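**Q** Structure provided below as structure tokens; questions to follow.
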Amino acid sequence: MGSSLADLPKSNVFTTKLPPDPAFQTPESSHNAPRETLGPRLVKGALYTYVRPEPTEATELLGVSPKAVADLGLKPGEELTPKFQALVSGNEFNWNEDTGGIYPWAQCYGGWQFGSWAGQLGDGRAISLFECMNQKTNIRYELQLKGAGRTPYSRFADGKAVLRSSIREYIVSEALSTLGIPTTRALSITLLPKSKVLRERMEPGAIVARFAESWLRIGTFDLPHARGERDLVRKLATFAAEDVLHGWEALPAAVPIGKDQPPHIVDNPARGVPWNEIQEQQGIQENRFARLYREIARRNAKTVAAWQAYGFMNGVLNTDNTSIYGLSLDYGPFAFMDNFDPNYTPNHDDHLLRYSYKNQPSIIWWNLVRLGESLGELIGAGDTVDEDSFVKEGLTEDSAPAVVKRAETIIERAGDEFRIVFLNEYKHLMSKRLGLKTKMETDFQVLFSELLDTLEALELDFNHFFRRLSDVPLSSIETEHQRKDVASVFFHEEGFGGIGYTSDSAKERIGRWLDSWRSRILEDWGPDSDEERRKAMKAVNPKVRQSLLNWYSDLFR
């Protein structure tokens, strides 16, 4: 049934294994400092600062996600306890000066924003409380509060979050989780009625308690790389592999350097094969840091494929908003696709459409190339990566060209792997949404591409189409006349859009696609399993209108 908050196993592996802010090297030094001294400044040689949430008054718990409570390993009803409500409002944390415990922290990172280097960023309004383990699933999460006050990384901001943006993050993170899309999660939302926050106007403040397997970002690597902190990049990469991504042996198997990547390695990463055994089997291989890079690329390829399949867009897809774990992260401007438009971006300031729907995969890869640059010395060093001279001094003038060439080769080849993993996952998800059980080479062009071209040409709703298709019996689209009759179910109430189409020609185009789709469904399911097929499609095509989520989110924008 789960644990109480007090009995939930807690840890602080992040702050135990990685270097703290040199100005506050211990929890005691931070705790005894006046809260105002923990404000914005540059922090070097560190990956976090110990900093406590700002206390709040007269808080009101507005909502708790039951699924999040269960996934964390808490027992039902724990959210009703005073201890839980004090924790998620920032008024209690797991430390005291006499007995020690786990002290909260804010992460230090940088980032590339809209293609330009932005320098130090960091958790400007997020403070992590502890890591906790679900004793049933053995999954460890890091719980943090967003909107809990200023940190050294707040820059010119106040460290607060307004209610409207907090509601939006609370809704969409749990919506994506329910769809099966990797994401950070929302546990609760707390209103701070006495906290008035100035944005475009004065607004009520709020705190979102949220959690993730990891809050590491590509931007976490960007900053020490930009500062030339080689040792810190290495420590961070080792931590990411050993303590976030489940150990070196869980990473994809190595492939030979300087040779074409075998297809079976791309499709089956052969996890769990001991490192020394791989070397014996295949000779000179990528080193373990190259394998780490490939794992991060693979994870992000699968996540962006899921975004594309469900029409989700992150409107600020900078490197500081790109997860090492492959999670959907930090919900600023975002949207689910309504009318299908590849050029749509949910960010009104994105005039160049950098983060538009069609560009999301290429932008994720652009961010991953920045990560490759941060890890370049490590991944390019090959089997010399652990030699004392390299660890201490880095590259020499003589060794640099070969290391750079090897790193470029690995990054380029990882790009090929990224595309393959992305396409495989996208085809898998689109096949499920269309009710297919098998894959055929012709599906991409005949079904997927033609469907998207049709939706764009007629300005039809992306997610509504899949749900309404789930309700279409095959018996209702056997003839051309029937297919044209059914086609209008995919129109908006006011009809359809597009230029140059009449009602008859629009129905005819949809009818042609339905004919191709019907043939594939019959191949996969046969004529007697239509009810089962419809049930399977409804399981992956949500009934709740994605546009309703957009509307509700826009209400609080």
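The way I read the labels, and the way they are meant: chains A, B, ... in the order of the structure tokens, residue 1 as the first residue of every chain, and ligand 1 as the first ligand shown, with later ones counted on from there.
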List every residue of region 188-401 of chain A that DSSP, applied to the backbone of this structure, assigns to helix (DSSP H, G or I), and report them as a ChimeraX atom specification.
**A** /A:218-226,230-244,248-250,263-267,275-282,288-310,319-321,357-374,376-380,382-384,388-393,400-401
**Q** Fewer than 2 positions away in the same chain doesn't count, so skip those; otherwise give me all residues within 10 Å of region 16-18 of chain A, counting only C-alpha atoms, as a list in words.
**A**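 Result of the neighbour search: Ser11, Asn12, Val13, Phe14, Pro20, Ala46, Leu47, Tyr48, Ile102, Leu232, Lys235, Leu236, Phe239 and Asp243 of chain A.
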**Q** Just the selected residues (all heavy atoms), exported as a short mmCIF file (atom, residue, chain, number, x, y, z; two decimals), in the first residue's frame, please.
**A**
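Ended up saving to selection-v5.cif:
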```cif
data_model
loop_
_atom_site.label_atom_id
_atom_site.label_comp_id
_atom_site.auth_asym_id
_atom_site.auth_seq_id
_atom_site.Cartn_x
_atom_site.Cartn_y
_atom_site.Cartn_z
N SER A 11 17.54 9.72 0.23
CA SER A 11 19.00 9.78 0.04
C SER A 11 19.36 11.13 -0.55
O SER A 11 18.50 11.94 -0.91
CB SER A 11 19.47 8.65 -0.89
OG SER A 11 18.89 8.81 -2.18
N ASN A 12 20.67 11.38 -0.64
CA ASN A 12 21.19 12.60 -1.27
C ASN A 12 22.46 12.25 -2.04
O ASN A 12 23.52 12.84 -1.82
CB ASN A 12 21.45 13.69 -0.23
CG ASN A 12 22.38 13.23 0.88
OD1 ASN A 12 22.51 12.04 1.14
ND2 ASN A 12 23.03 14.17 1.55
N VAL A 13 22.34 11.29 -2.95
CA VAL A 13 23.48 10.82 -3.72
C VAL A 13 24.08 11.97 -4.53
O VAL A 13 25.31 12.10 -4.65
CB VAL A 13 23.07 9.66 -4.65
CG1 VAL A 13 24.25 9.18 -5.48
CG2 VAL A 13 22.49 8.51 -3.83
N PHE A 14 23.24 12.82 -5.09
CA PHE A 14 23.70 13.94 -5.91
C PHE A 14 24.66 14.83 -5.12
O PHE A 14 25.77 15.14 -5.58
CB PHE A 14 22.49 14.76 -6.39
CG PHE A 14 22.83 15.88 -7.33
CD1 PHE A 14 22.84 15.67 -8.70
CD2 PHE A 14 23.14 17.15 -6.86
CE1 PHE A 14 23.16 16.70 -9.57
CE2 PHE A 14 23.46 18.18 -7.72
CZ PHE A 14 23.47 17.96 -9.09
N PRO A 20 30.08 20.81 -4.09
CA PRO A 20 29.16 21.90 -3.75
C PRO A 20 29.75 23.27 -4.04
O PRO A 20 30.96 23.41 -4.31
CB PRO A 20 28.97 21.70 -2.24
CG PRO A 20 30.30 21.17 -1.78
CD PRO A 20 30.80 20.30 -2.91
N ALA A 46 31.44 24.07 -9.19
CA ALA A 46 30.43 23.37 -8.39
C ALA A 46 29.26 22.98 -9.27
O ALA A 46 29.03 23.55 -10.34
CB ALA A 46 29.96 24.25 -7.24
N LEU A 47 28.48 22.02 -8.77
CA LEU A 47 27.27 21.59 -9.49
C LEU A 47 26.00 21.89 -8.72
O LEU A 47 24.91 21.59 -9.20
CB LEU A 47 27.36 20.10 -9.82
CG LEU A 47 28.38 19.79 -10.93
CD1 LEU A 47 28.67 18.32 -11.03
CD2 LEU A 47 27.87 20.32 -12.27
N TYR A 48 26.12 22.47 -7.52
CA TYR A 48 24.92 22.82 -6.76
C TYR A 48 25.31 23.73 -5.59
O TYR A 48 26.49 23.86 -5.24
CB TYR A 48 24.23 21.57 -6.22
CG TYR A 48 25.04 20.82 -5.19
CD1 TYR A 48 24.90 21.09 -3.82
CD2 TYR A 48 25.96 19.85 -5.58
CE1 TYR A 48 25.66 20.41 -2.89
CE2 TYR A 48 26.71 19.17 -4.64
CZ TYR A 48 26.56 19.45 -3.30
OH TYR A 48 27.31 18.79 -2.36
N ILE A 102 19.25 15.31 5.35
CA ILE A 102 19.46 15.70 3.95
C ILE A 102 19.07 17.16 3.79
O ILE A 102 17.94 17.56 4.09
CB ILE A 102 18.61 14.82 3.02
CG1 ILE A 102 19.03 13.35 3.20
CG2 ILE A 102 18.79 15.26 1.57
CD1 ILE A 102 18.10 12.38 2.51
N LEU A 232 35.52 18.46 -13.63
CA LEU A 232 34.10 18.50 -13.29
C LEU A 232 33.26 17.80 -14.35
O LEU A 232 32.29 17.09 -14.03
CB LEU A 232 33.66 19.95 -13.12
CG LEU A 232 32.36 20.19 -12.36
CD1 LEU A 232 32.38 19.52 -11.00
CD2 LEU A 232 32.12 21.70 -12.19
N LYS A 235 33.69 14.06 -13.69
CA LYS A 235 32.93 13.63 -12.50
C LYS A 235 31.44 13.56 -12.82
O LYS A 235 30.75 12.62 -12.41
CB LYS A 235 33.16 14.60 -11.35
CG LYS A 235 34.50 14.47 -10.66
CD LYS A 235 34.62 15.48 -9.53
CE LYS A 235 35.97 15.36 -8.83
NZ LYS A 235 36.13 16.39 -7.77
N LEU A 236 30.96 14.55 -13.54
CA LEU A 236 29.53 14.60 -13.88
C LEU A 236 29.15 13.45 -14.81
O LEU A 236 28.11 12.80 -14.63
CB LEU A 236 29.21 15.94 -14.52
CG LEU A 236 27.76 16.18 -14.92
CD1 LEU A 236 26.83 16.08 -13.71
CD2 LEU A 236 27.62 17.56 -15.57
N PHE A 239 29.08 10.28 -12.82
CA PHE A 239 27.87 10.25 -11.99
C PHE A 239 26.65 9.91 -12.84
O PHE A 239 25.80 9.10 -12.43
CB PHE A 239 27.68 11.60 -11.30
CG PHE A 239 26.41 11.72 -10.52
CD1 PHE A 239 26.31 11.22 -9.23
CD2 PHE A 239 25.28 12.32 -11.08
CE1 PHE A 239 25.13 11.31 -8.51
CE2 PHE A 239 24.10 12.41 -10.37
CZ PHE A 239 24.03 11.91 -9.08
N ASP A 243 25.13 6.56 -11.50
CA ASP A 243 24.10 6.82 -10.49
C ASP A 243 22.78 7.30 -11.07
O ASP A 243 21.80 7.42 -10.34
CB ASP A 243 24.61 7.86 -9.48
CG ASP A 243 25.78 7.34 -8.68
OD1 ASP A 243 25.56 6.53 -7.77
OD2 ASP A 243 26.93 7.72 -8.98
#
```
**Q** Sorted by chain and rising residue number, which residues of region 98-177 of chain A lie within 10 Å of region 204-225 of chain A, and what are their closest atom pairs and distances in Å to one decimal, counting only C-alpha atoms, as CSV?
**A**
```
residue,atom,partner,partner_atom,distance
A:Gln107,CA,A:Thr220,CA,8.3
A:Cys108,CA,A:Thr220,CA,6.9
A:Tyr109,CA,A:Thr220,CA,4.2
A:Gly110,CA,A:Leu223,CA,4.7
A:Gly111,CA,A:Gly219,CA,4.5
A:Trp112,CA,A:Gly219,CA,7.4
A:Gln113,CA,A:Gly219,CA,9.9
A:Trp117,CA,A:Asp222,CA,9.3
A:Ala118,CA,A:Leu223,CA,9.6
A:Gly119,CA,A:Leu223,CA,6.9
A:Gln120,CA,A:Leu223,CA,6.5
A:Leu121,CA,A:Gly219,CA,8.5
A:Gly122,CA,A:Thr220,CA,8.2
A:Asp123,CA,A:Trp215,CA,9.9
A:Arg125,CA,A:Ile207,CA,9.7
A:Ala126,CA,A:Val208,CA,9.3
A:Ile127,CA,A:Ala209,CA,9.7
A:Ser128,CA,A:Phe211,CA,8.9
A:Leu129,CA,A:Ala209,CA,9.8
A:Phe130,CA,A:Phe211,CA,9.9
A:Glu131,CA,A:Glu213,CA,8.9
A:Cys132,CA,A:Phe211,CA,9.6
A:Ile139,CA,A:Glu213,CA,7.6
A:Arg140,CA,A:Glu213,CA,6.0
A:Tyr141,CA,A:Glu213,CA,4.5
A:Glu142,CA,A:Phe211,CA,5.3
A:Leu143,CA,A:Phe211,CA,4.4
A:Gln144,CA,A:Arg210,CA,5.5
A:Leu145,CA,A:Ala209,CA,4.6
A:Lys146,CA,A:Val208,CA,5.2
A:Gly147,CA,A:Ile207,CA,4.9
A:Ala148,CA,A:Ile207,CA,6.3
A:Gly149,CA,A:Ile207,CA,9.6
A:Lys160,CA,A:Gly205,CA,6.8
A:Ala161,CA,A:Gly205,CA,5.6
A:Val162,CA,A:Gly205,CA,4.3
A:Leu163,CA,A:Ala206,CA,4.9
A:Arg164,CA,A:Pro204,CA,8.5
A:Ser165,CA,A:Ala206,CA,8.9
A:Ser166,CA,A:Val208,CA,6.1
A:Ile167,CA,A:Val208,CA,8.3
A:Glu169,CA,A:Val208,CA,8.1
A:Tyr170,CA,A:Val208,CA,7.1
A:Ser173,CA,A:Arg210,CA,9.3
```
**Q** Could you write those residues out with N, CA and C atoms, as a compact mmCIF listing (two decimals), in the first residue's frame?
**A**
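Saved result, again03.txt, follows:
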```txt
# COMPACT_ATOMS: atom_id res chain seq x y z
N GLN A 107 20.50 23.19 -8.31
CA GLN A 107 21.52 22.74 -9.27
C GLN A 107 22.08 23.90 -10.07
N CYS A 108 23.37 23.80 -10.37
CA CYS A 108 24.08 24.79 -11.19
C CYS A 108 24.23 24.25 -12.61
N TYR A 109 23.81 25.01 -13.59
CA TYR A 109 24.00 24.62 -14.99
C TYR A 109 23.96 25.85 -15.88
N GLY A 110 24.31 25.66 -17.13
CA GLY A 110 24.26 26.74 -18.11
C GLY A 110 23.36 26.34 -19.26
N GLY A 111 23.59 26.93 -20.43
CA GLY A 111 22.76 26.51 -21.55
C GLY A 111 22.92 27.36 -22.79
N TRP A 112 22.57 26.71 -23.90
CA TRP A 112 22.43 27.40 -25.19
C TRP A 112 20.94 27.71 -25.37
N GLN A 113 20.61 28.99 -25.52
CA GLN A 113 19.22 29.41 -25.65
C GLN A 113 19.02 30.06 -27.01
N TRP A 117 24.93 31.11 -26.71
CA TRP A 117 25.40 30.74 -25.39
C TRP A 117 24.89 31.74 -24.36
N ALA A 118 24.23 31.24 -23.30
CA ALA A 118 23.60 32.11 -22.29
C ALA A 118 24.38 32.15 -20.98
N GLY A 119 25.45 31.35 -20.85
CA GLY A 119 26.23 31.37 -19.62
C GLY A 119 25.55 30.61 -18.50
N GLN A 120 25.85 31.01 -17.26
CA GLN A 120 25.28 30.33 -16.10
C GLN A 120 23.79 30.59 -15.99
N LEU A 121 23.04 29.51 -15.80
CA LEU A 121 21.58 29.60 -15.59
C LEU A 121 21.29 28.98 -14.23
N GLY A 122 20.95 27.70 -14.20
CA GLY A 122 20.74 27.00 -12.93
C GLY A 122 19.31 27.03 -12.45
N ASP A 123 19.09 26.36 -11.31
CA ASP A 123 17.75 26.28 -10.70
C ASP A 123 17.41 27.61 -10.05
N ARG A 125 14.42 28.92 -9.62
CA ARG A 125 13.24 28.88 -8.75
C ARG A 125 12.86 27.45 -8.38
N ALA A 126 13.83 26.54 -8.47
CA ALA A 126 13.61 25.15 -8.08
C ALA A 126 14.62 24.75 -7.02
N ILE A 127 14.15 24.06 -5.98
CA ILE A 127 15.00 23.60 -4.89
C ILE A 127 14.66 22.13 -4.63
N SER A 128 15.67 21.27 -4.76
CA SER A 128 15.47 19.84 -4.52
C SER A 128 15.52 19.55 -3.03
N LEU A 129 14.60 18.70 -2.56
CA LEU A 129 14.51 18.38 -1.13
C LEU A 129 15.26 17.12 -0.77
N PHE A 130 15.11 16.07 -1.58
CA PHE A 130 15.79 14.80 -1.33
C PHE A 130 15.52 13.87 -2.50
N GLU A 131 16.24 12.76 -2.52
CA GLU A 131 15.93 11.64 -3.41
C GLU A 131 15.17 10.61 -2.59
N CYS A 132 14.23 9.93 -3.22
CA CYS A 132 13.46 8.92 -2.48
C CYS A 132 13.28 7.68 -3.35
N ILE A 139 12.54 2.29 -8.03
CA ILE A 139 12.87 3.48 -8.84
C ILE A 139 13.14 4.64 -7.88
N ARG A 140 14.26 5.31 -8.11
CA ARG A 140 14.62 6.46 -7.27
C ARG A 140 14.26 7.76 -7.98
N TYR A 141 13.64 8.65 -7.25
CA TYR A 141 13.24 9.95 -7.78
C TYR A 141 13.87 11.07 -6.95
N GLU A 142 14.04 12.22 -7.59
CA GLU A 142 14.49 13.43 -6.90
C GLU A 142 13.30 14.38 -6.81
N LEU A 143 12.89 14.69 -5.59
CA LEU A 143 11.73 15.54 -5.34
C LEU A 143 12.18 16.98 -5.16
N GLN A 144 11.53 17.90 -5.85
CA GLN A 144 11.91 19.31 -5.72
C GLN A 144 10.68 20.20 -5.74
N LEU A 145 10.87 21.42 -5.26
CA LEU A 145 9.82 22.43 -5.23
C LEU A 145 10.15 23.51 -6.25
N LYS A 146 9.18 23.86 -7.07
CA LYS A 146 9.35 24.95 -8.02
C LYS A 146 8.54 26.15 -7.55
N GLY A 147 9.23 27.27 -7.35
CA GLY A 147 8.57 28.48 -6.85
C GLY A 147 8.82 28.70 -5.38
N ALA A 148 9.89 28.09 -4.84
CA ALA A 148 10.13 28.11 -3.39
C ALA A 148 11.13 29.18 -2.96
N GLY A 149 11.49 30.11 -3.85
CA GLY A 149 12.33 31.21 -3.43
C GLY A 149 13.62 31.33 -4.20
N LYS A 160 10.13 32.91 -7.61
CA LYS A 160 8.74 32.53 -7.37
C LYS A 160 8.11 31.97 -8.65
N ALA A 161 6.97 31.32 -8.48
CA ALA A 161 6.17 30.84 -9.61
C ALA A 161 4.74 31.34 -9.42
N VAL A 162 4.12 31.73 -10.52
CA VAL A 162 2.74 32.21 -10.43
C VAL A 162 1.79 31.02 -10.57
N LEU A 163 0.58 31.22 -10.10
CA LEU A 163 -0.40 30.14 -10.07
C LEU A 163 -0.71 29.61 -11.47
N ARG A 164 -0.87 30.50 -12.43
CA ARG A 164 -1.29 30.06 -13.77
C ARG A 164 -0.25 29.13 -14.40
N SER A 165 1.04 29.48 -14.32
CA SER A 165 2.06 28.61 -14.93
C SER A 165 2.22 27.32 -14.13
N SER A 166 1.97 27.38 -12.83
CA SER A 166 2.05 26.18 -12.00
C SER A 166 0.94 25.20 -12.36
N ILE A 167 -0.25 25.71 -12.61
CA ILE A 167 -1.37 24.86 -13.03
C ILE A 167 -1.06 24.20 -14.37
N GLU A 169 1.90 23.45 -15.69
CA GLU A 169 2.89 22.38 -15.54
C GLU A 169 2.28 21.17 -14.86
N TYR A 170 1.46 21.42 -13.84
CA TYR A 170 0.81 20.33 -13.11
C TYR A 170 -0.04 19.48 -14.05
N SER A 173 2.35 17.75 -17.29
CA SER A 173 3.30 16.70 -16.96
C SER A 173 2.58 15.39 -16.64
```
**Q** Just want the 8 Å neighbourhood of Phe24 (chain A), counted on only C-alpha atoms, with same-chain residues fewer than 5 positions away dropped. Output as an MDAnalysis selection string.
**A** chainID A and resid 29:30 49:50
**Q** Please determine, counting only C-alpha atoms, which residue among A:Val51, A:Leu187, A:Ala457, A:Ala297 has the shortest atom-to-atom distance to Leu87 (chain A).
**A**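 Checking each candidate against Leu87 (chain A), we get A:Leu187 as the closest.
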